[in-house]
>>> print(open('query09.cif').read())   # mmCIF, C-alpha atoms
data_structure
loop_
_atom_site.label_atom_id
_atom_site.label_comp_id
_atom_site.auth_asym_id
_atom_site.auth_seq_id
_atom_site.Cartn_x
_atom_site.Cartn_y
_atom_site.Cartn_z
CA MET A 1 0.00 0.00 0.00
CA GLU A 2 1.56 3.28 -1.10
CA HIS A 3 1.24 6.27 1.16
CA SER A 4 2.91 9.62 1.63
CA ILE A 5 5.47 10.65 4.20
CA PHE A 6 2.78 12.58 6.06
CA VAL A 7 0.91 9.37 6.77
CA ASP A 8 4.08 7.95 8.30
CA ILE A 9 4.60 11.05 10.44
CA ALA A 10 0.99 11.00 11.58
CA PHE A 11 1.24 7.30 12.39
CA LEU A 12 4.40 7.84 14.43
CA LEU A 13 2.86 10.66 16.45
CA LEU A 14 -0.38 8.74 17.01
CA ALA A 15 1.49 5.58 18.00
CA VAL A 16 3.57 7.46 20.57
CA LEU A 17 0.40 9.14 21.84
CA ALA A 18 -1.44 5.83 22.13
CA VAL A 19 1.36 4.13 24.07
CA VAL A 20 2.18 7.08 26.34
CA ALA A 21 -1.49 7.70 27.16
CA GLY A 22 -2.01 3.97 27.76
CA TRP A 23 0.96 3.94 30.13
CA ARG A 24 -0.19 7.09 31.95
CA VAL A 25 -3.54 5.39 32.67
CA PHE A 26 -1.84 3.39 35.42
CA ARG A 27 0.52 6.15 36.57
CA THR A 28 -1.78 9.06 37.28
CA ASP A 29 -3.09 9.94 40.71
CA SER A 30 -6.61 10.71 39.58
CA MET A 31 -8.88 7.91 38.44
CA VAL A 32 -10.96 10.33 36.38
CA ARG A 33 -7.82 11.46 34.59
CA ALA A 34 -6.93 7.81 34.08
CA SER A 35 -10.18 7.23 32.20
CA PHE A 36 -9.49 10.27 30.01
CA PHE A 37 -5.98 9.01 29.28
CA LEU A 38 -7.55 5.73 28.20
CA LEU A 39 -9.90 7.70 25.96
CA VAL A 40 -6.91 9.48 24.37
CA SER A 41 -5.28 6.12 23.72
CA PHE A 42 -8.44 4.78 22.07
CA ILE A 43 -8.86 7.90 19.93
CA ALA A 44 -5.25 7.65 18.74
CA VAL A 45 -5.86 4.02 17.73
CA GLY A 46 -9.10 5.07 16.01
CA ALA A 47 -7.20 7.69 14.03
CA ILE A 48 -4.63 5.06 13.02
CA MET A 49 -7.52 2.89 11.80
CA MET A 50 -8.66 5.81 9.67
CA LEU A 51 -5.14 6.12 8.25
CA LEU A 52 -5.49 2.42 7.34
CA ALA A 53 -8.64 3.22 5.32
CA ALA A 54 -10.97 1.63 7.87
CA GLU A 55 -12.98 4.84 8.18
CA TYR A 56 -16.09 3.28 9.62
CA LEU A 57 -14.24 1.46 12.39
CA GLY A 58 -12.17 4.51 13.26
CA VAL A 59 -15.20 6.77 13.60
CA ALA A 60 -17.16 4.08 15.45
CA MET A 61 -14.23 3.91 17.86
CA PHE A 62 -14.45 7.66 18.51
CA PHE A 63 -18.16 7.57 19.31
CA MET A 64 -18.11 4.39 21.33
CA MET A 65 -15.09 5.26 23.42
CA ALA A 66 -16.17 8.84 24.11
CA VAL A 67 -19.40 7.54 25.65
CA GLU A 68 -17.75 4.60 27.39
CA MET A 69 -15.09 6.72 29.02
CA MET A 70 -17.64 9.28 30.21
CA VAL A 71 -19.52 6.44 31.90
CA MET A 72 -16.26 5.22 33.35
CA ALA A 73 -15.38 8.68 34.70
CA LEU A 74 -18.83 8.93 36.29
CA PHE A 75 -18.34 5.55 37.94
CA MET A 76 -14.98 6.69 39.25
CA VAL A 77 -16.57 9.71 40.88
CA MET A 78 -19.35 7.58 42.35
CA PHE A 79 -17.39 4.65 43.71
CA MET A 80 -13.76 5.49 44.21
CA MET A 81 -12.30 7.09 47.26
CA ASN A 82 -9.91 9.34 45.41
CA PRO A 83 -11.37 10.41 42.08
CA ALA A 84 -9.82 13.87 41.98
CA GLY A 85 -6.21 12.87 42.50
CA LEU A 86 -5.66 15.05 45.56
CA ASN A 87 -3.50 12.38 47.14
CA PRO A 88 -0.83 10.28 45.49
CA MET A 89 -2.36 6.97 44.41
CA MET A 90 -0.55 3.73 43.81
CA MET A 91 -2.99 0.91 44.38
CA VAL A 92 -1.25 -2.16 43.07
CA HIS A 93 -0.63 -5.72 44.09
CA GLN A 94 1.83 -8.30 42.76
CA HIS A 95 3.57 -5.40 41.10
CA ARG A 96 6.82 -7.03 40.04
CA LEU A 97 5.01 -10.06 38.62
CA SER A 98 2.70 -7.78 36.65
CA ILE A 99 5.57 -5.79 35.17
CA ILE A 100 7.33 -9.01 34.15
CA ALA A 101 4.14 -10.46 32.65
CA GLY A 102 3.46 -7.31 30.66
CA ALA A 103 7.03 -7.13 29.39
CA VAL A 104 7.07 -10.82 28.47
CA ALA A 105 3.77 -10.46 26.59
CA PHE A 106 5.16 -7.47 24.71
CA PHE A 107 8.40 -9.20 23.77
CA ILE A 108 6.71 -12.39 22.61
CA LEU A 109 4.20 -10.50 20.47
CA ALA A 110 6.92 -8.17 19.16
CA ALA A 111 9.10 -11.16 18.24
CA MET A 112 6.15 -12.65 16.38
CA ALA A 113 5.67 -9.38 14.52
CA LEU A 114 9.35 -9.09 13.66
CA PHE A 115 10.35 -12.65 12.86
CA SER A 116 7.35 -14.25 11.23
CA SER A 117 6.45 -13.65 7.62
CA PHE A 118 2.93 -12.60 6.87
CA PRO A 119 1.54 -12.56 3.35
CA ALA A 120 1.81 -9.13 1.75
CA ASP A 121 -1.67 -8.79 0.36
CA PRO A 122 -2.70 -5.13 0.60
CA LEU A 123 -6.07 -3.56 -0.04
CA PRO A 124 -7.05 -3.78 -3.70
CA ALA A 125 -7.38 -0.52 -5.56
CA GLY A 126 -10.93 0.72 -5.80
CA LEU A 127 -12.08 -1.06 -2.65
CA ASP A 128 -14.75 0.81 -0.73
CA PRO A 129 -14.17 -0.43 2.84
CA VAL A 130 -17.43 0.90 4.27
CA ARG A 131 -19.52 -0.55 1.47
CA SER A 132 -17.79 -3.94 1.65
CA LEU A 133 -18.26 -4.04 5.43
CA GLY A 134 -21.95 -3.24 5.06
CA HIS A 135 -22.46 -5.94 2.44
CA GLU A 136 -20.64 -8.43 4.66
CA MET A 137 -22.62 -7.58 7.80
CA LEU A 138 -26.00 -7.77 6.12
CA GLY A 139 -25.00 -10.53 3.73
CA ASP A 140 -22.79 -13.54 4.32
CA SER A 141 -22.04 -12.80 7.98
CA MET A 142 -25.51 -11.73 8.95
CA LEU A 143 -25.84 -14.58 11.45
CA ILE A 144 -22.71 -13.45 13.29
CA PHE A 145 -23.90 -9.85 13.29
CA GLU A 146 -27.34 -10.81 14.57
CA SER A 147 -25.81 -13.08 17.22
CA ALA A 148 -23.79 -10.12 18.48
CA GLY A 149 -27.05 -8.21 18.79
CA ILE A 150 -28.68 -11.03 20.76
CA VAL A 151 -25.66 -11.25 23.05
CA LEU A 152 -25.90 -7.51 23.67
CA LEU A 153 -29.58 -7.91 24.53
CA ALA A 154 -28.73 -10.72 26.95
CA THR A 155 -26.08 -8.45 28.45
CA MET A 156 -28.63 -5.69 29.00
CA ILE A 157 -30.96 -8.11 30.80
CA GLY A 158 -28.09 -9.51 32.85
CA VAL A 159 -26.91 -6.04 33.83
CA VAL A 160 -30.39 -5.06 35.00
CA VAL A 161 -30.69 -8.28 37.00
CA LEU A 162 -27.26 -7.83 38.58
CA SER A 163 -27.67 -4.20 39.50
CA SER A 164 -31.32 -4.19 40.58
CA HIS A 165 -31.68 -3.64 44.27
CA ARG A 166 -34.35 -6.27 44.86
CA GLY A 167 -34.87 -9.58 43.17
CA ARG A 168 -38.15 -11.46 43.03
CA TYR A 169 -37.42 -13.28 46.31
CA GLY A 170 -36.13 -10.39 48.33
CA ALA A 171 -33.23 -8.01 48.64
CA ALA A 172 -30.06 -8.99 46.86
CA GLU A 173 -27.79 -8.34 49.82
CA GLU A 174 -29.98 -10.08 52.39
CA GLY A 175 -27.89 -12.17 54.71
CA SER A 176 -24.67 -10.31 54.04
CA VAL A 177 -24.91 -7.08 55.97
CA PRO A 178 -21.74 -5.03 55.64
CA PRO A 179 -20.12 -3.43 58.67
CA GLY A 180 -21.38 -0.05 59.76
CA LEU A 181 -19.75 3.19 58.75
CA GLU A 182 -19.09 3.97 62.42
CA PRO A 183 -18.63 1.25 65.05
CA GLY A 184 -22.09 0.00 65.91
CA GLY A 185 -23.72 2.25 63.32
CA ASP A 186 -25.81 1.44 60.27
CA PRO A 187 -24.04 0.46 57.06
CA ALA A 188 -24.40 2.74 54.06
CA GLY A 189 -26.56 1.82 51.11
CA GLN A 190 -29.11 -0.14 53.11
CA PRO A 191 -32.88 0.35 52.66
CA GLU A 192 -34.67 2.21 55.42
CA LYS A 193 -36.02 0.06 58.23
CA GLY A 194 -39.58 1.40 57.92
CA GLU A 195 -39.96 0.47 54.26
CA SER A 196 -42.24 -2.38 53.33
CA GLU A 197 -40.25 -5.49 52.58
CA GLY A 198 -42.72 -7.04 50.15
CA GLY A 199 -43.42 -10.01 52.36
CA HIS A 200 -42.43 -12.70 49.87
CA GLU A 201 -40.61 -15.50 51.60
CA HIS A 202 -38.32 -18.02 50.04
CA HIS A 203 -40.60 -21.03 50.43
CA HIS A 204 -43.08 -19.98 47.75
CA HIS A 205 -42.94 -22.77 45.24
CA HIS A 206 -44.63 -22.63 41.90
CA HIS A 207 -45.19 -25.95 40.24
CA MET B 1 3.56 2.70 8.71
CA SER B 2 3.82 -0.96 7.89
CA LEU B 3 2.42 -4.21 9.19
CA VAL B 4 5.42 -4.69 11.50
CA THR B 5 5.20 -1.26 13.12
CA LEU B 6 1.44 -1.62 13.56
CA LEU B 7 1.86 -5.01 15.19
CA LEU B 8 4.59 -3.61 17.45
CA LEU B 9 2.21 -0.87 18.57
CA ALA B 10 -0.51 -3.45 19.19
CA ALA B 11 1.96 -5.56 21.19
CA ALA B 12 2.88 -2.54 23.32
CA LEU B 13 -0.77 -1.80 24.05
CA ILE B 14 -1.45 -5.44 24.94
CA GLY B 15 1.60 -5.52 27.21
CA ILE B 16 0.59 -2.36 29.07
CA GLY B 17 -2.97 -3.65 29.35
CA LEU B 18 -1.82 -6.97 30.77
CA TYR B 19 0.30 -5.15 33.33
CA GLY B 20 -2.68 -3.05 34.36
CA ALA B 21 -5.12 -5.96 34.51
CA LEU B 22 -2.75 -7.93 36.73
CA SER B 23 -1.51 -5.16 38.99
CA GLN B 24 -4.46 -2.89 39.73
CA GLN B 25 -6.43 -3.36 42.92
CA SER B 26 -9.42 -1.25 42.00
CA PHE B 27 -12.02 -3.08 39.91
CA VAL B 28 -12.49 -0.21 37.49
CA MET B 29 -8.76 0.27 36.92
CA LEU B 30 -8.50 -3.47 36.30
CA MET B 31 -11.20 -3.16 33.63
CA MET B 32 -9.20 -0.37 32.03
CA GLY B 33 -6.33 -2.82 31.62
CA LEU B 34 -8.65 -5.30 29.90
CA GLU B 35 -9.93 -2.56 27.60
CA LEU B 36 -6.38 -1.58 26.67
CA MET B 37 -5.65 -5.19 25.69
CA LEU B 38 -8.75 -5.30 23.50
CA ASN B 39 -7.62 -1.99 21.99
CA GLY B 40 -4.39 -3.63 20.86
CA ALA B 41 -6.27 -6.65 19.54
CA MET B 42 -8.54 -4.44 17.44
CA LEU B 43 -5.56 -2.54 16.04
CA ALA B 44 -3.85 -5.82 15.08
CA ALA B 45 -7.04 -7.06 13.37
CA VAL B 46 -7.34 -3.87 11.30
CA ALA B 47 -3.63 -3.98 10.45
CA PHE B 48 -3.93 -7.55 9.14
CA TRP B 49 -7.04 -6.59 7.23
CA ALA B 50 -5.25 -3.70 5.55
CA TYR B 51 -1.88 -5.31 4.83
CA SER B 52 -2.25 -9.04 4.41
CA GLY B 53 -5.94 -9.81 4.07
CA ALA B 54 -6.53 -8.24 0.64
CA GLY B 55 -9.34 -6.20 2.19
CA ALA B 56 -11.48 -9.20 3.08
CA PRO B 57 -14.53 -7.75 4.85
CA GLN B 58 -14.39 -10.40 7.55
CA GLY B 59 -11.38 -8.55 9.00
CA GLN B 60 -13.49 -5.49 9.66
CA LEU B 61 -16.30 -7.67 10.97
CA LEU B 62 -13.91 -9.20 13.50
CA THR B 63 -13.12 -5.70 14.76
CA ILE B 64 -16.84 -4.96 15.13
CA ILE B 65 -17.21 -8.16 17.17
CA VAL B 66 -14.31 -7.13 19.42
CA MET B 67 -16.02 -3.76 19.92
CA ALA B 68 -19.19 -5.60 20.96
CA VAL B 69 -17.12 -7.73 23.36
CA MET B 70 -15.68 -4.53 24.81
CA ALA B 71 -19.14 -3.08 25.38
CA ILE B 72 -20.28 -6.32 27.03
CA GLU B 73 -17.22 -6.42 29.26
CA MET B 74 -17.80 -2.83 30.30
CA ALA B 75 -21.51 -3.27 31.04
CA MET B 76 -21.16 -6.55 32.92
CA GLY B 77 -18.13 -5.24 34.77
CA PHE B 78 -19.93 -2.17 36.04
CA ALA B 79 -23.00 -4.21 36.98
CA LEU B 80 -20.79 -6.56 38.99
CA VAL B 81 -19.04 -3.59 40.62
CA VAL B 82 -22.44 -2.22 41.66
CA ALA B 83 -23.61 -5.60 42.96
CA VAL B 84 -20.39 -6.23 44.90
CA PHE B 85 -20.39 -2.71 46.30
CA ARG B 86 -24.00 -3.12 47.46
CA GLY B 87 -23.23 -6.43 49.09
CA LYS B 88 -19.82 -5.85 50.61
CA GLN B 89 -19.00 -2.16 50.23
CA ALA B 90 -15.90 -3.36 48.45
CA ASP B 91 -14.22 -1.66 45.54
CA THR B 92 -10.89 -3.44 45.49
CA THR B 93 -10.01 -7.02 44.69
CA GLU B 94 -8.38 -7.54 48.11
CA ALA B 95 -11.71 -7.01 49.84
CA LEU B 96 -13.14 -10.17 48.26
CA SER B 97 -11.53 -13.21 49.78
CA GLU B 98 -14.46 -15.56 50.35
CA LEU B 99 -13.39 -18.01 47.67
CA LYS B 100 -9.78 -18.02 48.83
CA GLN B 101 -8.41 -21.38 49.89
#
>>> encode(input="query09.cif", output="structure tokens")
Amino acid sequence: MEHSIFVDIAFLLLAVLAVVAGWRVFRTDSMVRASFFLLVSFIAVGAIMMLLAAEYLGVAMFFMMAVEMMVMALFMVMFMMNPAGLNPMMMVHQHRLSIIAGAVAFFILAAMALFSSFPADPLPAGLDPVRSLGHEMLGDSMLIFESAGIVLLATMIGVVVLSSHRGRYGAAEEGSVPPGLEPGGDPAGQPEKGESEGGHEHHHHHH
Amino acid sequence: MSLVTLLLLAAALIGIGLYGALSQQSFVMLMMGLELMLNGAMLAAVAFWAYSGAGAPQGQLLTIIVMAVMAIEMAMGFALVVAVFRGKQADTTEALSELKQ
């Protein structure tokens, strides 16, 4: 595939950006900033995909990751003790092992990239990548595409089931009461005592 | 920009992601590591599509599937974080040791 020097320069800058932002994700004090660094890494990879003529995938990456990382940042603010990065944060375990595993994975994959020979079979001239992807998704690979949709639907149902406060047979956290916020106090996130509990017991069998 | 440089970039992203997934204590940071690994996998798939797949549309389809996997991982991960936080007020992996031998 022939391309100009500017494509190479852009690729180099985007590659450095993707790697540096990906590394900063785990080295910043603020978890919100970490999710934005991850977003930068994804957008750099999306731009590289657009350089590779996969316009649809690159743009889809932009939209998907922008929304995903906003959700992630919101979750950070909701759940994490240090979302703003006011204190230094280094919450890691098995650190040395993780560094070694990451480095080993990189070197094995890099050796495969460098020392194996892949067929040089570039994009044919006159290929319209978006059109060919559309024909594939709604043509030969329609079953795969539809299956992905069904799996996403199942995920939505599963997510609602997992995160709903009450199931059909009572509260999800019944029987596992967390410790109180203060010694002897009530734990956070519990329903009020006066609320009606529904009254359904576990021994209701339906045959 | 060639297949080798693209695969090297993908390898770097996968390596960083593996480090993050193994080392982070917070559930959400751990998920960020997984996402970074999938990011590298998607880049490698597109690189193969563009340089050694002769533009076969299945290469792009594979990337779409990985994107769907990423969305599923994200949604299920956050739902599990919510469920675990409700049950145990835990947001780090160390706080869950019930299944430990």
>>> resolve_selection(input="query09.cif", expression="the PyMOL selection byres ((chain A) within 7 of (chain B))", output="ChimeraX atom specification")
/A:8,11,15,19,22-23,26,42,45,49,52,91-95,98-99,101-103,105-106,109-110,113-114,118-124,132-133,136,148,152,155,159,162-163,173,176,178,189
>>> resolve_selection(input="query09.cif", expression="the PyMOL selection byres ((chain A and resi 66-74) around 8)", output="ChimeraX atom specification")
/A:31-32,35-36,38-39,62-65,75-78 /B:28,74
>>> atom_distance(input="query09.cif", atom1="CA of Ala45 (chain B)", atom2="CA of Ile48 (chain A)")
12.4 Å
>>> atom_distance(input="query09.cif", atom1="CA of Ser30 (chain A)", atom2="CA of Val16 (chain A)")
21.8 Å
>>> atom_distance(input="query09.cif", atom1="CA of Ser41 (chain A)", atom2="CA of Ala21 (chain A)")
5.4 Å
>>> resolve_selection(input="query09.cif", expression="the PyMOL selection byres ((chain A and resi 58) around 9)", output="list in words")
Ile43, Val45, Gly46, Ala47, Ile48, Met49, Met50, Leu51, Ala53, Ala54, Glu55, Tyr56, Leu57, Val59, Ala60, Met61 and Phe62 of chain A
